[in-house]
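Q: One structure coming up, written as structure tokens, with questions to follow.
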Amino acid sequence: MKQKNRGGRNWKLVMCCTFITCLLAVGYADAQIRLKLGEDSPLRKLQIAEMAVTHLYVDSVDEAKLVEDGIRGMLKELDPHSSYTDAKETKAMNEPLTGDFEGIGVQFNMVEDTLLVIQTIVNGPSQKVGIVAGDRIVAVNDTAIAGVKMSRTDIMKRLRGKKGTIVRVQVVRRGVEKPLTFAIKRDKIPVHTINAAYMIRPQVGYIRLESFGGKTYDEFMNAVDSLKGQGMKRLILDLQENGGGYLETAARIANEFLDDGDMIVYTEGRAVPRREYRAKGNGSLKDIDLTILIDEFSASASEIVAGAIQDQDRGRLVGRRSFGKGLVQRPVDLPDGSMIRLTVAHYYIPSGRCIQKPYKKGDLKEYQMDIEHRLKNGELTNPDSIHFADSLQFFTLRRNRTVYGGGGVMPDYFVPLDTMKYTKLHRQLVAKNIVVNQTLKYIDNNRKKLHKTYQTFDDFNRDFIVPQSLLDQMVAEGEKQKVKPKDDEELQRTYHYLRIQIKALIARDLWDMTAYFKVWNEHSDIVKKALEIVEQ
């Protein structure tokens, strides 16, 4: 907001002092930050520049955006993980980690500009009023959302809202002539971070974690108790594609496997004193045989767990070298709900290695290209292409095995990425959403028949065969969008893995994500390698 004839300079000074006070309040006092507002102060220089642009620039400017752009510009020149998010971005970013949001409790997908309900949350607001899988929500509070090319984000805004408020939705249901209207009372909707938990083999449990959120530890322990009740003696913990989350959650889960006093991780930075996370010896999984799965997208908190287990020689790692994020961010909450996530320390796993991969300050693009560089360099397909400098050599704490720092955690058992598994045709059909959309249409047209034919997932998994007609429809739709097979050989190769993917998607929509992974894992190279090792 512009300040005219109302002591603008004094107002700016007050705001500046307020910001300094906020910084001190969030824990910077112990770092003895001293900010001077003298004529030569960099902060004073920044203040003058902002005031000059706001009051003297030839065109009007958005002062709030000007400040936001300034913050983004400062952080851009630091490391790749220091960032700024506005209030909306901050809320959206925090929801998956805090463990819940407020809404109507449906999982949905968009099919031809129409919201199709895939599942309702058990005992959630929508299920309580009678909404079922297969329903199409066409209007929200008398505003049409179907056939109007409304974005997924805008639709979610209309469905979500404060707990206890009422939203009216109009639903088109197969077999019912007229649209149905439901008044749904919004409520807290849990966000689960465990994708799957089941007995993958006799005595072998499998848990897949999507991230490390505020409720992940409790979810994890509930899954462990359930699997123990089914006779689990060995555990496969799948951290593939797990981008991380809360360090404290990772430490609590690692604690379950380690002995009293075992180092899990420690953090240290220029202005932040060293902080250690050690096991308390009260874990319930200290004697269980453990295998952890990682890949090039396993990052941050997942690398803490995997690295601690490897360095303490507590279990085996299977897969490919992890992402390599060893930087700790501290949130700095701003008055308008926005947030700065500032890197304040490195974290080190028990052997003393920092697994942060190299980066050049201010060069975010090159940092983001790292996975592509690994693929081009052959690292994802051939472990012999990976070379670590002797200076990055470390040793595990019990067996004195050689491990390396300098970028990610290298697994004990490497599983190469099969770049020939998926054809170009398959990748194009997926990229254009043809696979998902055609599968959703098939489920929608055959939902009752599928449930009647397959009473349980085991029946489905054993007997269901993807119909050739569905595959033909996908290929035909691909041709409409100028996606064609190169030859019959490519077409037949595409059919093989397409059948697996479609069967997993149907299982997910008829049951849940655990059913999806029960189908998919039997064809995953990393999971199959882990089972081979465990069963030996």
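Within each chain, counting starts at residue 1; across the structure tokens, chains are named A, B, ... in the order shown, with ligands numbered 1 upward in that order.
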If DSSP is run on the backbone, what residues of region 323-405 of chain A are strand (DSSP E)? A reply as a ChimeraX atom specification would be ideal.
A: /A:327-333,339-348,393-395,402-404
Q: Taking the backbone alone, and naming residues the way the document does, which bits of region 219-359 of chain A are helix (DSSP H, G or I) by DSSP, as a count of residues only?
A: 31
Q: Between CA of Thr114 (chain A) and CA of Thr453 (chain A), what is the distance, to one decimal in Å?
A: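 If I compute the distance from CA of Thr114 (chain A) to CA of Thr453 (chain A), I get 27.6 Å.
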Q: Using only C-alpha atoms, which of the listed residues (A:Gly324, A:Tyr246, A:Ile253, A:Arg341) sits closest to Glu219 (chain A)?
A: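 Under the stated criterion, the closest residue is A:Ile253.
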Q: Using only C-alpha atoms for the distances, tell me which of A:Arg168, A:His81, A:Lys441, A:Lys178 is nearest to Ser300 (chain A).
A: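 Nearest candidate to Ser300 (chain A) out of A:Arg168, A:His81, A:Lys441, A:Lys178: A:His81.
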Q: Extract, using only C-alpha atoms, all DNA, RNA and protein residues at most 8 Å from region 151-160 of chain A, discarding same-chain residues fewer than 3 positions from it, and format them as a PyMOL selection string.
A: chain A and resi 102-104+110+140+145+167+186
Q: Which residues come within 7 Å of region 256-268 of chain A, counting only C-alpha atoms, excluding same-chain residues fewer than 4 positions away, as a list of chain:residue names?
A: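 Listing them by chain and then by number gives A:Ala251, A:Arg252, A:Val272, A:Pro273, A:Arg274, A:Arg275, A:Glu276, A:Tyr277, A:Arg278, A:Ala279, A:Lys280, A:Gly281, A:Gly283, A:Ser284, A:Leu285, A:Lys286, A:Ile304, A:Ala308, A:Ala345, A:His346, A:Tyr347, A:Tyr348, A:Ile349, A:Pro350.
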Q: For Lys452 (chain A), which residue among A:Gly105, A:Leu364, A:Leu510, A:Val132 is the nearest when counting only C-alpha atoms?
A: A:Leu510
Q: Would you list the contacts of Glu477 (chain A) as a list in words, taking every protein, DNA or RNA residue within 12 Å and counting only C-alpha atoms, but skipping same-chain residues closer than 5 positions in sequence?
A: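 In the requested format, the answer is Gln428, Leu429, Val430, Lys432, Asn433, Ile434, Val435, Asn437, Gln438, Leu470, Leu471, Asp472, Lys482, Val483 and Lys484 of chain A.
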Q: With N, CA and C atoms retained, export the selected residues as a PDB file, in the first residue's frame.
A:
ATOM      1  N   GLN A 428       4.321 -42.099 -24.403  1.00  0.00           N
ATOM      2  CA  GLN A 428       3.476 -41.069 -25.001  1.00  0.00           C
ATOM      3  C   GLN A 428       2.018 -41.230 -24.588  1.00  0.00           C
ATOM      4  N   LEU A 429       1.551 -42.484 -24.510  1.00  0.00           N
ATOM      5  CA  LEU A 429       0.167 -42.728 -24.075  1.00  0.00           C
ATOM      6  C   LEU A 429      -0.039 -42.262 -22.634  1.00  0.00           C
ATOM      7  N   VAL A 430       0.985 -42.446 -21.803  1.00  0.00           N
ATOM      8  CA  VAL A 430       0.909 -41.992 -20.410  1.00  0.00           C
ATOM      9  C   VAL A 430       0.961 -40.475 -20.351  1.00  0.00           C
ATOM     10  N   LYS A 432       0.070 -38.226 -22.379  1.00  0.00           N
ATOM     11  CA  LYS A 432      -1.146 -37.565 -22.861  1.00  0.00           C
ATOM     12  C   LYS A 432      -2.386 -37.963 -22.057  1.00  0.00           C
ATOM     13  N   ASN A 433      -2.177 -38.639 -20.926  1.00  0.00           N
ATOM     14  CA  ASN A 433      -3.259 -39.050 -20.016  1.00  0.00           C
ATOM     15  C   ASN A 433      -4.237 -40.027 -20.653  1.00  0.00           C
ATOM     16  N   ILE A 434      -3.837 -40.633 -21.739  1.00  0.00           N
ATOM     17  CA  ILE A 434      -4.722 -41.589 -22.410  1.00  0.00           C
ATOM     18  C   ILE A 434      -4.905 -42.845 -21.563  1.00  0.00           C
ATOM     19  N   VAL A 435      -3.847 -43.313 -20.941  1.00  0.00           N
ATOM     20  CA  VAL A 435      -3.942 -44.535 -20.131  1.00  0.00           C
ATOM     21  C   VAL A 435      -4.892 -44.331 -18.958  1.00  0.00           C
ATOM     22  N   ASN A 437      -7.201 -41.902 -18.447  1.00  0.00           N
ATOM     23  CA  ASN A 437      -8.569 -41.554 -18.838  1.00  0.00           C
ATOM     24  C   ASN A 437      -9.347 -42.745 -19.377  1.00  0.00           C
ATOM     25  N   GLN A 438      -8.719 -43.546 -20.221  1.00  0.00           N
ATOM     26  CA  GLN A 438      -9.414 -44.717 -20.770  1.00  0.00           C
ATOM     27  C   GLN A 438      -9.685 -45.768 -19.691  1.00  0.00           C
ATOM     28  N   LEU A 470      -9.894 -52.925 -24.398  1.00  0.00           N
ATOM     29  CA  LEU A 470      -9.451 -51.718 -23.695  1.00  0.00           C
ATOM     30  C   LEU A 470      -8.107 -51.250 -24.253  1.00  0.00           C
ATOM     31  N   LEU A 471      -7.206 -52.199 -24.498  1.00  0.00           N
ATOM     32  CA  LEU A 471      -5.914 -51.856 -25.090  1.00  0.00           C
ATOM     33  C   LEU A 471      -6.112 -51.247 -26.478  1.00  0.00           C
ATOM     34  N   ASP A 472      -7.005 -51.831 -27.257  1.00  0.00           N
ATOM     35  CA  ASP A 472      -7.267 -51.325 -28.603  1.00  0.00           C
ATOM     36  C   ASP A 472      -7.819 -49.898 -28.553  1.00  0.00           C
ATOM     37  N   LYS A 482      -2.253 -38.430 -32.758  1.00  0.00           N
ATOM     38  CA  LYS A 482      -1.013 -38.566 -33.533  1.00  0.00           C
ATOM     39  C   LYS A 482       0.082 -39.298 -32.760  1.00  0.00           C
ATOM     40  N   VAL A 483      -0.331 -40.275 -31.954  1.00  0.00           N
ATOM     41  CA  VAL A 483       0.611 -41.152 -31.261  1.00  0.00           C
ATOM     42  C   VAL A 483       0.428 -42.558 -31.832  1.00  0.00           C
ATOM     43  N   LYS A 484       1.425 -43.010 -32.587  1.00  0.00           N
ATOM     44  CA  LYS A 484       1.292 -44.293 -33.285  1.00  0.00           C
ATOM     45  C   LYS A 484       2.498 -45.188 -33.002  1.00  0.00           C
TER      46      LYS A 484
END
Q: What lies within 9 Å of Ile506 (chain A) using only C-alpha atoms, ignoring chain neighbours under 2 positions off, as a list of chain:residue names?
A: A:Thr439, A:Leu440, A:Tyr442, A:Ile443, A:Gln501, A:Ile502, A:Lys503, A:Ala504, A:Arg508, A:Asp509, A:Leu510, A:Trp511, A:Tyr516
Q: Could you write out that same residue set with N, CA, C and O atoms as a PDB file, in the first residue's frame?
A:
ATOM      1  N   THR A 439      -8.760 -45.875 -18.729  1.00  0.00           N
ATOM      2  CA  THR A 439      -8.978 -46.819 -17.617  1.00  0.00           C
ATOM      3  C   THR A 439     -10.138 -46.358 -16.748  1.00  0.00           C
ATOM      4  O   THR A 439     -10.973 -47.172 -16.332  1.00  0.00           O
ATOM      5  N   LEU A 440     -10.204 -45.060 -16.473  1.00  0.00           N
ATOM      6  CA  LEU A 440     -11.313 -44.532 -15.684  1.00  0.00           C
ATOM      7  C   LEU A 440     -12.653 -44.767 -16.380  1.00  0.00           C
ATOM      8  O   LEU A 440     -13.650 -45.121 -15.737  1.00  0.00           O
ATOM      9  N   TYR A 442     -13.361 -47.169 -18.448  1.00  0.00           N
ATOM     10  CA  TYR A 442     -13.645 -48.608 -18.359  1.00  0.00           C
ATOM     11  C   TYR A 442     -14.218 -48.960 -16.988  1.00  0.00           C
ATOM     12  O   TYR A 442     -15.212 -49.695 -16.884  1.00  0.00           O
ATOM     13  N   ILE A 443     -13.587 -48.430 -15.928  1.00  0.00           N
ATOM     14  CA  ILE A 443     -14.079 -48.706 -14.576  1.00  0.00           C
ATOM     15  C   ILE A 443     -15.485 -48.149 -14.401  1.00  0.00           C
ATOM     16  O   ILE A 443     -16.371 -48.812 -13.846  1.00  0.00           O
ATOM     17  N   GLN A 501       0.114 -52.050 -15.786  1.00  0.00           N
ATOM     18  CA  GLN A 501      -0.245 -50.727 -15.295  1.00  0.00           C
ATOM     19  C   GLN A 501      -1.758 -50.580 -15.176  1.00  0.00           C
ATOM     20  O   GLN A 501      -2.267 -50.069 -14.170  1.00  0.00           O
ATOM     21  N   ILE A 502      -2.484 -51.019 -16.184  1.00  0.00           N
ATOM     22  CA  ILE A 502      -3.944 -50.901 -16.165  1.00  0.00           C
ATOM     23  C   ILE A 502      -4.534 -51.723 -15.032  1.00  0.00           C
ATOM     24  O   ILE A 502      -5.429 -51.260 -14.306  1.00  0.00           O
ATOM     25  N   LYS A 503      -4.049 -52.934 -14.839  1.00  0.00           N
ATOM     26  CA  LYS A 503      -4.565 -53.788 -13.768  1.00  0.00           C
ATOM     27  C   LYS A 503      -4.323 -53.135 -12.405  1.00  0.00           C
ATOM     28  O   LYS A 503      -5.197 -53.154 -11.523  1.00  0.00           O
ATOM     29  N   ALA A 504      -3.144 -52.527 -12.233  1.00  0.00           N
ATOM     30  CA  ALA A 504      -2.842 -51.851 -10.962  1.00  0.00           C
ATOM     31  C   ALA A 504      -3.760 -50.654 -10.751  1.00  0.00           C
ATOM     32  O   ALA A 504      -4.251 -50.428  -9.636  1.00  0.00           O
ATOM     33  N   ARG A 508      -6.457 -50.115  -7.719  1.00  0.00           N
ATOM     34  CA  ARG A 508      -6.446 -48.918  -6.860  1.00  0.00           C
ATOM     35  C   ARG A 508      -7.832 -48.308  -6.735  1.00  0.00           C
ATOM     36  O   ARG A 508      -8.277 -47.942  -5.645  1.00  0.00           O
ATOM     37  N   ASP A 509      -8.536 -48.209  -7.862  1.00  0.00           N
ATOM     38  CA  ASP A 509      -9.829 -47.540  -7.838  1.00  0.00           C
ATOM     39  C   ASP A 509     -10.920 -48.403  -7.220  1.00  0.00           C
ATOM     40  O   ASP A 509     -11.851 -47.884  -6.600  1.00  0.00           O
ATOM     41  N   LEU A 510     -10.806 -49.707  -7.345  1.00  0.00           N
ATOM     42  CA  LEU A 510     -11.814 -50.599  -6.737  1.00  0.00           C
ATOM     43  C   LEU A 510     -11.535 -50.841  -5.258  1.00  0.00           C
ATOM     44  O   LEU A 510     -12.469 -51.076  -4.479  1.00  0.00           O
ATOM     45  N   TRP A 511     -10.264 -50.776  -4.862  1.00  0.00           N
ATOM     46  CA  TRP A 511      -9.897 -51.004  -3.459  1.00  0.00           C
ATOM     47  C   TRP A 511      -9.120 -49.790  -2.918  1.00  0.00           C
ATOM     48  O   TRP A 511      -9.712 -48.833  -2.475  1.00  0.00           O
ATOM     49  N   TYR A 516      -3.029 -51.377  -5.356  1.00  0.00           N
ATOM     50  CA  TYR A 516      -2.214 -50.945  -6.497  1.00  0.00           C
ATOM     51  C   TYR A 516      -0.808 -51.517  -6.390  1.00  0.00           C
ATOM     52  O   TYR A 516      -0.282 -52.098  -7.346  1.00  0.00           O
TER      53      TYR A 516
END
Q: Closest to Gly408 (chain A) among A:Ala299, A:Ala133, A:Ala52, A:Leu235, using only C-alpha atoms?
A: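 Nearest to Gly408 (chain A): A:Ala299.
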Q: Kindly indicate which residue among A:Gln329, A:Asn521, A:Gln536, A:Ser126 lies nearest to Ala196 (chain A), using only C-alpha atoms for the distances.
A: A:Asn521
Q: Within 10 Å of Asn109 (chain A), counting only C-alpha atoms, which residues qualify if same-chain residues fewer than 6 places away don't, as a PyMOL selection string?
A: chain A and resi 115-119+136+152+436-437+440
Q: Pull N, CA and C atoms from the residues just selected and write them as a PDB file, in the first residue's frame.
A:
ATOM      1  N   LEU A 115     -15.749 -33.876 -13.014  1.00  0.00           N
ATOM      2  CA  LEU A 115     -15.155 -34.463 -11.817  1.00  0.00           C
ATOM      3  C   LEU A 115     -15.777 -35.829 -11.551  1.00  0.00           C
ATOM      4  N   LEU A 116     -14.976 -36.881 -11.627  1.00  0.00           N
ATOM      5  CA  LEU A 116     -15.437 -38.243 -11.372  1.00  0.00           C
ATOM      6  C   LEU A 116     -14.909 -38.705 -10.019  1.00  0.00           C
ATOM      7  N   VAL A 117     -15.791 -39.069  -9.115  1.00  0.00           N
ATOM      8  CA  VAL A 117     -15.393 -39.539  -7.786  1.00  0.00           C
ATOM      9  C   VAL A 117     -14.794 -40.941  -7.911  1.00  0.00           C
ATOM     10  N   ILE A 118     -13.543 -41.083  -7.481  1.00  0.00           N
ATOM     11  CA  ILE A 118     -12.874 -42.384  -7.504  1.00  0.00           C
ATOM     12  C   ILE A 118     -13.184 -43.158  -6.236  1.00  0.00           C
ATOM     13  N   GLN A 119     -13.039 -42.476  -5.111  1.00  0.00           N
ATOM     14  CA  GLN A 119     -13.332 -43.092  -3.808  1.00  0.00           C
ATOM     15  C   GLN A 119     -13.789 -42.005  -2.856  1.00  0.00           C
ATOM     16  N   ARG A 136     -20.577 -38.248 -10.541  1.00  0.00           N
ATOM     17  CA  ARG A 136     -19.976 -37.092 -11.198  1.00  0.00           C
ATOM     18  C   ARG A 136     -20.501 -35.832 -10.524  1.00  0.00           C
ATOM     19  N   ARG A 152      -8.388 -27.726 -12.134  1.00  0.00           N
ATOM     20  CA  ARG A 152      -8.471 -28.610 -10.964  1.00  0.00           C
ATOM     21  C   ARG A 152      -8.305 -27.803  -9.675  1.00  0.00           C
ATOM     22  N   VAL A 436      -4.701 -43.248 -18.202  1.00  0.00           N
ATOM     23  CA  VAL A 436      -5.546 -42.993 -17.035  1.00  0.00           C
ATOM     24  C   VAL A 436      -6.993 -42.747 -17.448  1.00  0.00           C
ATOM     25  N   ASN A 437      -7.201 -41.902 -18.447  1.00  0.00           N
ATOM     26  CA  ASN A 437      -8.569 -41.554 -18.838  1.00  0.00           C
ATOM     27  C   ASN A 437      -9.347 -42.745 -19.377  1.00  0.00           C
ATOM     28  N   LEU A 440     -10.204 -45.060 -16.473  1.00  0.00           N
ATOM     29  CA  LEU A 440     -11.313 -44.532 -15.684  1.00  0.00           C
ATOM     30  C   LEU A 440     -12.653 -44.767 -16.380  1.00  0.00           C
TER      31      LEU A 440
END
Q: Which residue gives the smallest distance to Gly245 (chain A) among A:Gln230, A:Asn195, A:Asn461, A:Ser298, with only C-alpha atoms counted?
A: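 Using only C-alpha atoms, the shortest distance to Gly245 (chain A) belongs to A:Ser298.
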Q: Dump as a Markdown table the rows for residues of region 170-269 of chain A within 9 Å of region 92-98 of chain A: closest atom pair and distance in Å with one decimal, only C-alpha atoms counted, ordered by chain and rising residue number.
A:
| residue | atom | partner | partner_atom | distance |
| --- | --- | --- | --- | --- |
| A:Val191 | CA | A:Pro96 | CA | 6.2 |
| A:His192 | CA | A:Pro96 | CA | 8.0 |
| A:Thr193 | CA | A:Pro96 | CA | 7.8 |
| A:Ser211 | CA | A:Leu97 | CA | 7.8 |
| A:Phe212 | CA | A:Leu97 | CA | 7.0 |
| A:Gly213 | CA | A:Leu97 | CA | 4.0 |
| A:Gly214 | CA | A:Thr98 | CA | 5.1 |
| A:Lys215 | CA | A:Thr98 | CA | 7.2 |
| A:Thr216 | CA | A:Leu97 | CA | 8.6 |
| A:Gly245 | CA | A:Leu97 | CA | 6.9 |
| A:Tyr246 | CA | A:Leu97 | CA | 7.8 |
Q: Let's have the selection written as an mmCIF file, in the first residue's frame, with all heavy atoms.
A:
data_model
loop_
_atom_site.group_PDB
_atom_site.id
_atom_site.type_symbol
_atom_site.label_atom_id
_atom_site.label_comp_id
_atom_site.auth_asym_id
_atom_site.auth_seq_id
_atom_site.Cartn_x
_atom_site.Cartn_y
_atom_site.Cartn_z
ATOM 1 N N VAL A 191 -4.738 -36.781 5.779
ATOM 2 C CA VAL A 191 -3.834 -37.019 4.660
ATOM 3 C C VAL A 191 -2.852 -38.093 5.096
ATOM 4 O O VAL A 191 -2.078 -37.888 6.034
ATOM 5 C CB VAL A 191 -3.072 -35.734 4.263
ATOM 6 C CG1 VAL A 191 -2.074 -36.028 3.144
ATOM 7 C CG2 VAL A 191 -4.052 -34.658 3.822
ATOM 8 N N HIS A 192 -2.908 -39.231 4.451
ATOM 9 C CA HIS A 192 -2.050 -40.357 4.843
ATOM 10 C C HIS A 192 -0.749 -40.345 4.053
ATOM 11 O O HIS A 192 -0.742 -40.059 2.849
ATOM 12 C CB HIS A 192 -2.777 -41.681 4.636
ATOM 13 C CG HIS A 192 -4.020 -41.823 5.467
ATOM 14 N ND1 HIS A 192 -3.981 -41.926 6.836
ATOM 15 C CD2 HIS A 192 -5.324 -41.846 5.112
ATOM 16 C CE1 HIS A 192 -5.216 -42.029 7.298
ATOM 17 N NE2 HIS A 192 -6.058 -41.975 6.280
ATOM 18 N N THR A 193 0.334 -40.658 4.729
ATOM 19 C CA THR A 193 1.644 -40.676 4.074
ATOM 20 C C THR A 193 2.153 -42.096 3.849
ATOM 21 O O THR A 193 3.243 -42.271 3.310
ATOM 22 C CB THR A 193 2.674 -39.893 4.913
ATOM 23 O OG1 THR A 193 2.675 -40.387 6.248
ATOM 24 C CG2 THR A 193 2.337 -38.411 4.938
ATOM 25 N N SER A 211 6.089 -39.853 2.276
ATOM 26 C CA SER A 211 6.809 -38.707 2.830
ATOM 27 C C SER A 211 6.866 -38.856 4.351
ATOM 28 O O SER A 211 6.296 -39.800 4.916
ATOM 29 C CB SER A 211 6.118 -37.392 2.449
ATOM 30 O OG SER A 211 4.805 -37.356 2.973
ATOM 31 N N PHE A 212 7.554 -37.908 5.003
ATOM 32 C CA PHE A 212 7.672 -37.924 6.457
ATOM 33 C C PHE A 212 6.935 -36.708 7.013
ATOM 34 O O PHE A 212 7.490 -35.622 7.125
ATOM 35 C CB PHE A 212 9.146 -37.898 6.873
ATOM 36 C CG PHE A 212 9.893 -39.163 6.556
ATOM 37 C CD1 PHE A 212 10.431 -39.366 5.299
ATOM 38 C CD2 PHE A 212 10.023 -40.157 7.508
ATOM 39 C CE1 PHE A 212 11.108 -40.537 4.992
ATOM 40 C CE2 PHE A 212 10.694 -41.337 7.214
ATOM 41 C CZ PHE A 212 11.234 -41.534 5.948
ATOM 42 N N GLY A 213 5.659 -36.892 7.335
ATOM 43 C CA GLY A 213 4.826 -35.815 7.835
ATOM 44 C C GLY A 213 4.642 -35.856 9.338
ATOM 45 O O GLY A 213 5.243 -36.682 10.049
ATOM 46 N N GLY A 214 3.768 -34.988 9.827
ATOM 47 C CA GLY A 214 3.542 -34.885 11.261
ATOM 48 C C GLY A 214 2.896 -36.118 11.873
ATOM 49 O O GLY A 214 3.058 -36.380 13.064
ATOM 50 N N LYS A 215 2.154 -36.881 11.068
ATOM 51 C CA LYS A 215 1.466 -38.060 11.591
ATOM 52 C C LYS A 215 2.047 -39.360 11.065
ATOM 53 O O LYS A 215 1.515 -40.432 11.322
ATOM 54 C CB LYS A 215 -0.021 -37.976 11.242
ATOM 55 C CG LYS A 215 -0.727 -36.777 11.883
ATOM 56 C CD LYS A 215 -2.215 -36.758 11.570
ATOM 57 C CE LYS A 215 -2.894 -35.561 12.242
ATOM 58 N NZ LYS A 215 -4.344 -35.516 11.934
ATOM 59 N N THR A 216 3.151 -39.270 10.332
ATOM 60 C CA THR A 216 3.724 -40.453 9.693
ATOM 61 C C THR A 216 4.180 -41.495 10.716
ATOM 62 O O THR A 216 3.983 -42.700 10.512
ATOM 63 C CB THR A 216 4.911 -40.052 8.794
ATOM 64 O OG1 THR A 216 4.456 -39.152 7.800
ATOM 65 C CG2 THR A 216 5.523 -41.270 8.128
ATOM 66 N N GLY A 245 10.627 -34.678 4.179
ATOM 67 C CA GLY A 245 9.650 -34.130 5.115
ATOM 68 C C GLY A 245 10.338 -33.688 6.390
ATOM 69 O O GLY A 245 11.424 -33.096 6.361
ATOM 70 N N TYR A 246 9.728 -34.024 7.528
ATOM 71 C CA TYR A 246 10.248 -33.569 8.816
ATOM 72 C C TYR A 246 11.417 -34.429 9.280
ATOM 73 O O TYR A 246 11.304 -35.660 9.374
ATOM 74 C CB TYR A 246 9.145 -33.607 9.868
ATOM 75 C CG TYR A 246 8.032 -32.618 9.634
ATOM 76 C CD1 TYR A 246 6.707 -32.974 9.847
ATOM 77 C CD2 TYR A 246 8.293 -31.327 9.193
ATOM 78 C CE1 TYR A 246 5.670 -32.079 9.639
ATOM 79 C CE2 TYR A 246 7.277 -30.418 8.979
ATOM 80 C CZ TYR A 246 5.958 -30.800 9.203
ATOM 81 O OH TYR A 246 4.951 -29.915 8.986
#
